[in-house]
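Asks: Here's a structure for you.
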Amino acid sequence: MANRAPIITLTTDFGYKDHYVAAMKAVILGINPDARIIDISHGVPPQDIMAGAWVLRNSAYLFPEGTIHVAVIDPGVGSDRRPVLVCMNGHLFVGPDNGQFSLIDGAETADVYELTNRSLWRDPQSNTFHGRDIFSPVAAHISLGIPPAEAGELSSGLLTYRWARAISDEKGIQGWVVHIDAYGNLITNIPGDLIHADYRDNIKIYVGTFILNRVSRTFTDVSPGEPAIITGSTGMLEVIINKGNAEEMLSVQKGAPVSVIYQK
Amino acid sequence: MANRAPIITLTTDFGYKDHYVAAMKAVILGINPDARIIDISHGVPPQDIMAGAWVLRNSAYLFPEGTIHVAVIDPGVGSDRRPVLVCMNGHLFVGPDNGQFSLIDGAETADVYELTNRSLWRDPQSNTFHGRDIFSPVAAHISLGIPPAEAGELSSGLLTYRWARAISDEKGIQGWVVHIDAYGNLITNIPGDLIHADYRDNIKIYVGTFILNRVSRTFTDVSPGEPAIITGSTGMLEVIINKGNAEEMLSVQKGAPVSVIYQK
Amino acid sequence: MANRAPIITLTTDFGYKDHYVAAMKAVILGINPDARIIDISHGVPPQDIMAGAWVLRNSAYLFPEGTIHVAVIDPGVGSDRRPVLVCMNGHLFVGPDNGQFSLIDGAETADVYELTNRSLWRDPQSNTFHGRDIFSPVAAHISLGIPPAEAGELSSGLLTYRWARAISDEKGIQGWVVHIDAYGNLITNIPGDLIHADYRDNIKIYVGTFILNRVSRTFTDVSPGEPAIITGSTGMLEVIINKGNAEEMLSVQKGAPVSVIYQK
């Protein structure tokens with residue numbers, strides 16, 4: 001990390017029309033002009049902590065080891081939720097401890113530093129924009145090589161939420177739609193490999209008013225306009241429509257049940 | 001600036017679906033391959049010069065000194081509005097002189113160079129895309145160390161607009177909503193510190209059909225769904241709803257009056 | 001290319017709310033930490049190959065020679081459409097061979113390498129996200145200096161689509177609206193210089209229910225709210241409204257005819 005310009009990623013629900021993201025980048029570059037800043041997403045739905053957690057789950061660990069990830073989906077800014085720095089599997093995460101790191105592998109056993117060293121913060125701090133005033137400057141200082149322990153005190157566990165885990169038994173699997181992406185693909189909490197190997201070609205899958213009888217290999221395995229279920233790039237079952245938008249055409253929303261029933 | 005890759009920021013109303021922003025970045029990198037380009041925002045509402053001015057006000061000076069800011073909210077492209085390079089407080093600004101730099105500290109007394117040196121422009125220039133053909137190449141050349149005076153002629157004052165200034169007297173303050181951010185927060189032209197210290201705990205604030213009786217410290221000082229007024233991260237009073245969208249829930253629009261009345 | 005951090009551009013229809021774009025950037029930086037990644041656009045309408053082709057046409061060649069352009073508008077992912085690396089005019093293009101490179105100068109005679117060297121791919125590959133698993137890693141390896149011939153086998157012609165070409169004769173020109181940009185400007189497939197020089201001041205142009213009698217120089221040549229035709233920054237005729245949105249105000253859609261009739 002010391003020899004190469006460090007990578008700092010940003011994930012927020014700030015959107016793309018205001019100055020908020022740029023303010024964070026400016027503060028980072030003011031402290032470490034060599035930082036390389038990569039946007040993960042600023043289109044997380046406002047205050048949707050679990051949507052942010054999903055984005056981080058699917059992208060953070062693809063970055064090189066040593067990457068610093070700043071995440072600010074922060075509806076509780078100014079309350080007593082803790083500002084933290086978290087070390088997991090060689091990556092560093094900075095942001096409010098409000099569940100947004102829940103879905104990252106290692107979250108439940110991670111080292112957590114509660115940010116208390118105000119000399120690393122912007123001065124003064126606002127009560128409403130800790131992304132600019134606390135998280136960005138701490139990330140920038142860390143990227144300069146300051147050890148995590150100087151940012152705050154080693155502390156107890158990270159706040160983690162879990163989606164209801166898909167329920168699996170010998171009759172089948174009960175899961176839910178947990179995310180809908182920009183294409184309208186319905187992403188479930190059912191890992192594709194949770195389906196019992198003996199039944200892969202002998203199942204019925206219920207979603208909304210549709211019944212499907214297999215897991216397809218890819219989008220184009222069904223005719224245009226037809227719904228299908230695939231194991232998506234995140235490893236989870238997804239309900240998709242070839243060249244169409246499943247959210248609109250199936251009228252299925254986040255939280256809708258998805259049932260996999262093994263056929264005898 | 002000469003020893004480190006210079007930062008060039010971009011602020012436009014070009015949106016995110018077309019090639020316009022990429023064309024500017026390409027032209028910059030073609031002239032100075034070492035330039036580090038940072039997006040401030042391309043989501044400024046189309047042709048809304050004052051919204052662009054607001055974004056620049058809140059982010060430009062957070063960047064390191066020597067940063068070059070290219071801003072192109074340019075409804076008058078091709079007319080006789082001047083193309084300019086402006087030096088303010090160690091930062092450089094490039095774009096049309098149409099009011100978009102109005103809210104930046106120092107705008108009224110800044111050094112203004114009217115861009116006349118066509119050898120720094122792209123050849124030929126279109127009549128409709130000066131962002132690609134004039135402003136980006138000038139910024140890129142300046143980032144290579146060319147002095148501002150070579151870009152054009154030192155000239156008279158920058159065009160600046162001002163929002164109606166909030167009116168303050170011994171009875172209270174009369175202001176307006178001047179910006180609504182992506183969360184639906186209603187940002188006013190009333191600096192939080194304009195409220196007379198003697199009355200901080202003894203005021204009524206009228207906005208739309210709501211009456212509030214104090215300035216809260218942060219979002220979470222009121223119950224979810226309740227409106228409040230805070231001093232926001234820009235220093236201005238903001239009408240917010242904890243975990244909600246004030247624009248939608250209060251049906252208040254840009255331009256709406258906000259009155260602070262001191263209670264005896 | 002070897003002496004300076006190479007530029008890799010990204011063009012997709014992934015939008016800005018999901019992790020997909022970040023996953024591509026992470027994979028690239030994992031292979032070549034020095035790559036400089038520039039977003040062209042991720043706001044291409046979902047699965048609209050020709051909209052992606054239009055964006056690439058107008059921006060790719062403005063980047064410095066040696067730039068590597070990754071484009072993933074890929075409705076056929078997982079089908080037998082070929083993954084390719086294309087060399088055109090000193091630029092490299094990586095993505096599915098599905099027509100998205102159609103409008104780039106040189107596409108019809110370009111060198112095409114069909115990607116077959118799986119040692120340059122991510123392992124394992126998903127069936128649904130080749131942007132992360134094939135195109136990004138290949139681009140990153142190429143940016144390290146691996147010659148194109150190592151990525152796959154030299155192959156026959158690239159799949160190219162063409163918009164219906166505008167029809168021109170001694171009476172006038174018949175064309176169509178082929179793109180509508182974020183401002184609502186209606187961009188046609190009629191090059192501005194296709195209008196016969198003798199008739200420039202003596203034409204009628206029919207679009208929707210409007211008739212215009214000249215090509216204006218720029219946006220501000222007509223009064224605010226009035227429609228006009230200009231030769232846009234892409235070289236094509238565009239129907240615009242000064243300070244307005246032509247798409248909304250003229251109710252004209254992609255595909256609508258535009259007729260230029262020479263007046264005797």
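Within each chain, counting starts at residue 1; across the structure tokens, chains are named A, B, ... in the order shown, with ligands numbered 1 upward in that order.
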Could you do a least-squares fit of chain B on chain A over every C-alpha atom, in sequence order, and give the output as a short mmCIF file (atom, residue, chain, number, x, y, z; two decimals) with C-alpha atoms, in the first residue's frame?
Replies:
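Output below, filename out.cif:
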```cif
data_model
loop_
_atom_site.label_atom_id
_atom_site.label_comp_id
_atom_site.auth_asym_id
_atom_site.auth_seq_id
_atom_site.Cartn_x
_atom_site.Cartn_y
_atom_site.Cartn_z
CA MET B 1 -0.01 -0.01 0.02
CA ALA B 2 2.81 2.38 0.80
CA ASN B 3 4.43 2.09 -2.61
CA ARG B 4 1.42 2.56 -4.82
CA ALA B 5 -1.32 5.20 -4.73
CA PRO B 6 -3.96 3.66 -2.47
CA ILE B 7 -7.50 3.05 -3.68
CA ILE B 8 -10.39 4.59 -1.76
CA THR B 9 -13.88 3.54 -2.87
CA LEU B 10 -17.07 5.49 -2.17
CA THR B 11 -20.57 4.07 -1.67
CA THR B 12 -23.40 6.45 -0.74
CA ASP B 13 -27.06 7.28 -1.22
CA PHE B 14 -26.17 10.88 -2.15
CA GLY B 15 -27.31 10.60 -5.76
CA TYR B 16 -25.74 12.43 -8.69
CA LYS B 17 -27.21 15.92 -8.66
CA ASP B 18 -25.78 17.50 -5.51
CA HIS B 19 -22.32 18.48 -4.30
CA TYR B 20 -22.15 15.88 -1.54
CA VAL B 21 -20.02 13.27 -3.31
CA ALA B 22 -17.64 15.90 -4.68
CA ALA B 23 -17.20 17.35 -1.20
CA MET B 24 -16.00 13.95 0.03
CA LYS B 25 -13.57 13.59 -2.88
CA ALA B 26 -12.23 17.09 -2.32
CA VAL B 27 -11.56 16.44 1.37
CA ILE B 28 -9.78 13.18 0.55
CA LEU B 29 -7.57 14.78 -2.10
CA GLY B 30 -6.81 17.67 0.23
CA ILE B 31 -5.29 15.20 2.72
CA ASN B 32 -3.85 12.67 0.28
CA PRO B 33 -3.47 14.11 -3.21
CA ASP B 34 -2.27 10.72 -4.49
CA ALA B 35 -5.38 8.78 -3.46
CA ARG B 36 -7.18 7.08 -6.32
CA ILE B 37 -10.90 7.45 -5.71
CA ILE B 38 -13.27 4.92 -7.28
CA ASP B 39 -17.05 5.31 -7.12
CA ILE B 40 -18.84 2.09 -6.25
CA SER B 41 -22.30 3.64 -6.38
CA HIS B 42 -24.04 6.82 -5.27
CA GLY B 43 -27.39 5.53 -6.48
CA VAL B 44 -28.23 3.47 -3.41
CA PRO B 45 -31.90 4.30 -2.67
CA PRO B 46 -32.07 7.05 -0.02
CA GLN B 47 -31.45 5.68 3.50
CA ASP B 48 -31.73 2.04 2.33
CA ILE B 49 -28.99 0.51 4.47
CA MET B 50 -29.50 -3.05 3.24
CA ALA B 51 -29.37 -1.97 -0.43
CA GLY B 52 -26.00 -0.40 0.36
CA ALA B 53 -24.95 -3.58 2.14
CA TRP B 54 -25.86 -5.58 -0.96
CA VAL B 55 -23.79 -3.33 -3.25
CA LEU B 56 -20.78 -3.62 -0.91
CA ARG B 57 -21.16 -7.40 -0.60
CA ASN B 58 -20.90 -7.80 -4.36
CA SER B 59 -18.06 -5.43 -5.12
CA ALA B 60 -15.80 -4.60 -2.17
CA TYR B 61 -13.76 -7.81 -2.10
CA LEU B 62 -13.16 -7.72 -5.85
CA PHE B 63 -10.86 -4.73 -5.28
CA PRO B 64 -7.17 -5.30 -4.47
CA GLU B 65 -6.23 -6.05 -0.90
CA GLY B 66 -5.55 -2.88 1.08
CA THR B 67 -8.42 -0.98 -0.52
CA ILE B 68 -10.21 1.44 1.80
CA HIS B 69 -13.99 1.49 1.37
CA VAL B 70 -15.93 4.51 2.60
CA ALA B 71 -19.66 3.86 2.85
CA VAL B 72 -22.18 6.48 3.94
CA ILE B 73 -25.80 5.43 3.94
CA ASP B 74 -26.41 7.24 7.15
CA PRO B 75 -29.99 8.06 8.14
CA GLY B 76 -28.89 8.28 11.76
CA VAL B 77 -26.19 10.93 11.23
CA GLY B 78 -25.87 13.05 14.35
CA SER B 79 -27.42 10.42 16.62
CA ASP B 80 -25.34 8.13 18.83
CA ARG B 81 -24.67 5.48 16.18
CA ARG B 82 -20.92 4.87 16.21
CA PRO B 83 -18.48 6.06 13.54
CA VAL B 84 -16.17 3.11 12.85
CA LEU B 85 -13.19 1.77 10.95
CA VAL B 86 -13.45 -1.97 10.30
CA CYS B 87 -10.70 -4.37 9.19
CA MET B 88 -11.90 -7.46 7.36
CA ASN B 89 -9.83 -9.84 5.20
CA GLY B 90 -7.21 -7.24 4.33
CA HIS B 91 -9.75 -4.55 3.41
CA LEU B 92 -10.66 -1.48 5.43
CA PHE B 93 -14.16 -0.07 5.78
CA VAL B 94 -15.05 3.37 7.14
CA GLY B 95 -18.52 4.69 7.94
CA PRO B 96 -21.36 4.63 10.43
CA ASP B 97 -21.92 1.37 12.33
CA ASN B 98 -25.55 1.03 11.33
CA GLY B 99 -25.70 -2.30 9.53
CA GLN B 100 -24.36 -1.19 6.16
CA PHE B 101 -21.44 -3.64 6.45
CA SER B 102 -23.75 -6.53 7.40
CA LEU B 103 -23.43 -8.64 4.25
CA ILE B 104 -19.66 -8.48 3.89
CA ASP B 105 -17.90 -11.73 4.54
CA GLY B 106 -16.27 -11.54 7.95
CA ALA B 107 -18.49 -8.80 9.36
CA GLU B 108 -19.50 -10.75 12.43
CA THR B 109 -15.95 -11.32 13.66
CA ALA B 110 -14.20 -8.22 12.34
CA ASP B 111 -11.89 -5.87 14.23
CA VAL B 112 -13.83 -2.68 14.86
CA TYR B 113 -12.25 0.64 15.80
CA GLU B 114 -14.64 3.24 17.10
CA LEU B 115 -13.49 6.56 15.65
CA THR B 116 -12.53 8.80 18.56
CA ASN B 117 -9.33 10.56 17.42
CA ARG B 118 -10.71 13.93 16.43
CA SER B 119 -7.33 15.12 15.18
CA LEU B 120 -8.01 13.04 12.06
CA TRP B 121 -11.39 14.73 11.48
CA ARG B 122 -12.28 17.89 9.66
CA ASP B 123 -12.63 20.82 12.03
CA PRO B 124 -15.33 21.81 12.83
CA GLN B 125 -17.69 18.93 12.12
CA SER B 126 -21.26 19.49 11.02
CA ASN B 127 -24.01 17.42 12.64
CA THR B 128 -25.41 16.31 9.31
CA PHE B 129 -22.55 15.48 6.93
CA HIS B 130 -20.12 13.09 8.58
CA GLY B 131 -19.22 11.75 5.13
CA ARG B 132 -17.36 14.99 4.49
CA ASP B 133 -16.29 15.78 8.06
CA ILE B 134 -15.35 12.42 9.62
CA PHE B 135 -15.34 9.42 7.27
CA SER B 136 -13.52 10.93 4.28
CA PRO B 137 -10.72 12.55 6.29
CA VAL B 138 -10.21 9.39 8.36
CA ALA B 139 -10.02 7.29 5.19
CA ALA B 140 -7.55 9.73 3.65
CA HIS B 141 -5.30 9.69 6.71
CA ILE B 142 -5.39 5.89 6.82
CA SER B 143 -4.45 5.84 3.13
CA LEU B 144 -1.29 7.75 4.08
CA GLY B 145 -0.26 4.83 6.27
CA ILE B 146 -1.59 5.83 9.69
CA PRO B 147 -2.37 2.58 11.53
CA PRO B 148 -6.06 1.88 12.28
CA ALA B 149 -5.38 1.85 16.03
CA GLU B 150 -4.60 5.57 15.85
CA ALA B 151 -8.07 6.34 14.51
CA GLY B 152 -9.84 5.09 17.61
CA GLU B 153 -10.30 2.42 20.19
CA LEU B 154 -10.60 -1.28 19.50
CA SER B 155 -14.16 -2.11 20.32
CA SER B 156 -16.81 -4.78 20.39
CA GLY B 157 -18.76 -6.26 17.51
CA LEU B 158 -20.13 -4.60 14.42
CA LEU B 159 -23.88 -4.14 14.08
CA THR B 160 -25.04 -6.69 11.53
CA TYR B 161 -28.44 -7.35 10.10
CA ARG B 162 -29.35 -10.44 8.15
CA TRP B 163 -32.10 -10.95 5.68
CA ALA B 164 -34.36 -13.77 6.75
CA ARG B 165 -32.30 -16.75 5.68
CA ALA B 166 -33.90 -18.95 3.02
CA ILE B 167 -35.42 -22.01 4.70
CA SER B 168 -34.37 -25.32 3.20
CA ASP B 169 -35.62 -28.85 3.96
CA GLU B 170 -36.22 -32.13 2.15
CA LYS B 171 -39.34 -30.77 0.48
CA GLY B 172 -37.78 -27.63 -0.96
CA ILE B 173 -36.71 -24.06 -0.19
CA GLN B 174 -38.61 -20.99 0.95
CA GLY B 175 -36.95 -17.64 0.15
CA TRP B 176 -37.70 -14.01 -0.70
CA VAL B 177 -36.90 -11.29 -3.21
CA VAL B 178 -34.27 -9.17 -1.43
CA HIS B 179 -33.11 -6.81 -4.20
CA ILE B 180 -34.28 -5.58 -7.59
CA ASP B 181 -31.56 -4.31 -9.91
CA ALA B 182 -31.68 -1.59 -12.58
CA TYR B 183 -32.80 -4.11 -15.23
CA GLY B 184 -35.75 -5.16 -13.06
CA ASN B 185 -34.15 -8.53 -12.27
CA LEU B 186 -35.56 -9.96 -9.01
CA ILE B 187 -32.71 -11.19 -6.85
CA THR B 188 -33.56 -13.68 -4.11
CA ASN B 189 -31.86 -14.78 -0.91
CA ILE B 190 -31.65 -18.35 -2.24
CA PRO B 191 -28.10 -19.41 -3.18
CA GLY B 192 -28.27 -21.35 -6.44
CA ASP B 193 -26.25 -24.19 -4.94
CA LEU B 194 -28.77 -24.63 -2.12
CA ILE B 195 -31.03 -26.61 -4.47
CA HIS B 196 -30.53 -30.30 -3.73
CA ALA B 197 -28.54 -31.92 -6.55
CA ASP B 198 -31.03 -34.78 -6.91
CA TYR B 199 -33.86 -32.41 -7.77
CA ARG B 200 -32.22 -29.91 -10.14
CA ASP B 201 -34.26 -31.13 -13.09
CA ASN B 202 -37.36 -31.90 -11.10
CA ILE B 203 -38.58 -28.79 -9.33
CA LYS B 204 -41.32 -26.22 -9.41
CA ILE B 205 -40.52 -22.63 -8.53
CA TYR B 206 -43.35 -20.31 -7.49
CA VAL B 207 -42.91 -16.54 -7.78
CA GLY B 208 -45.88 -14.19 -7.87
CA THR B 209 -48.45 -15.76 -10.19
CA PHE B 210 -45.82 -17.66 -12.21
CA ILE B 211 -44.68 -21.23 -11.92
CA LEU B 212 -41.36 -22.24 -13.47
CA ASN B 213 -40.00 -25.76 -13.67
CA ARG B 214 -36.28 -25.38 -13.94
CA VAL B 215 -33.25 -23.17 -13.29
CA SER B 216 -32.05 -21.87 -16.65
CA ARG B 217 -28.40 -21.46 -17.50
CA THR B 218 -28.56 -17.87 -18.74
CA PHE B 219 -30.83 -15.05 -20.00
CA THR B 220 -31.10 -16.35 -23.53
CA ASP B 221 -32.18 -19.90 -22.63
CA VAL B 222 -35.79 -18.77 -22.89
CA SER B 223 -37.61 -16.88 -25.64
CA PRO B 224 -37.65 -13.08 -25.52
CA GLY B 225 -40.37 -11.88 -23.16
CA GLU B 226 -40.47 -15.15 -21.20
CA PRO B 227 -39.64 -15.33 -17.48
CA ALA B 228 -36.94 -17.64 -16.18
CA ILE B 229 -34.92 -18.32 -13.06
CA ILE B 230 -31.14 -18.33 -13.25
CA THR B 231 -28.28 -18.46 -10.79
CA GLY B 232 -27.06 -14.88 -11.15
CA SER B 233 -23.58 -13.43 -11.06
CA THR B 234 -23.89 -12.93 -7.28
CA GLY B 235 -24.53 -16.65 -6.74
CA MET B 236 -28.19 -16.10 -5.85
CA LEU B 237 -31.29 -17.24 -7.75
CA GLU B 238 -32.68 -14.40 -9.89
CA VAL B 239 -36.02 -14.14 -11.63
CA ILE B 240 -35.40 -12.54 -15.03
CA ILE B 241 -37.19 -11.95 -18.31
CA ASN B 242 -35.17 -12.38 -21.49
CA LYS B 243 -34.97 -8.89 -23.04
CA GLY B 244 -37.58 -7.65 -20.59
CA ASN B 245 -38.10 -6.19 -17.11
CA ALA B 246 -39.28 -8.78 -14.58
CA GLU B 247 -40.20 -6.19 -11.93
CA GLU B 248 -42.63 -4.49 -14.32
CA MET B 249 -43.95 -7.55 -16.10
CA LEU B 250 -44.43 -9.83 -13.10
CA SER B 251 -45.56 -7.07 -10.69
CA VAL B 252 -43.40 -8.63 -7.99
CA GLN B 253 -41.88 -6.43 -5.29
CA LYS B 254 -39.03 -6.59 -2.81
CA GLY B 255 -40.09 -8.99 -0.07
CA ALA B 256 -42.20 -11.24 -2.27
CA PRO B 257 -41.92 -14.98 -1.45
CA VAL B 258 -40.16 -17.40 -3.81
CA SER B 259 -40.78 -21.11 -3.24
CA VAL B 260 -38.77 -24.00 -4.66
CA ILE B 261 -40.69 -27.30 -4.36
CA TYR B 262 -38.97 -30.60 -5.09
CA GLN B 263 -41.04 -32.94 -7.26
CA LYS B 264 -41.17 -36.63 -6.33
#
```
Asks: Step one, run DSSP on the backbone; step two, keep only residues of range 5-182 of chain C assigned to helix (DSSP H, G or I); then write them as a PyMOL selection string.
Replies: chain C and resi 20-31+49-62+107-109+118-120+130-143+148-150
Asks: In range 28-240 of chain C, what's strand (DSSP E) per DSSP? Answer as an NGL selection string?
Replies: :C and (36-41 or 68-72 or 83-88 or 91-96 or 111-115 or 152-155 or 167-169 or 172-180 or 186-191 or 203-207 or 210-212 or 215-216 or 227-231 or 236-240)
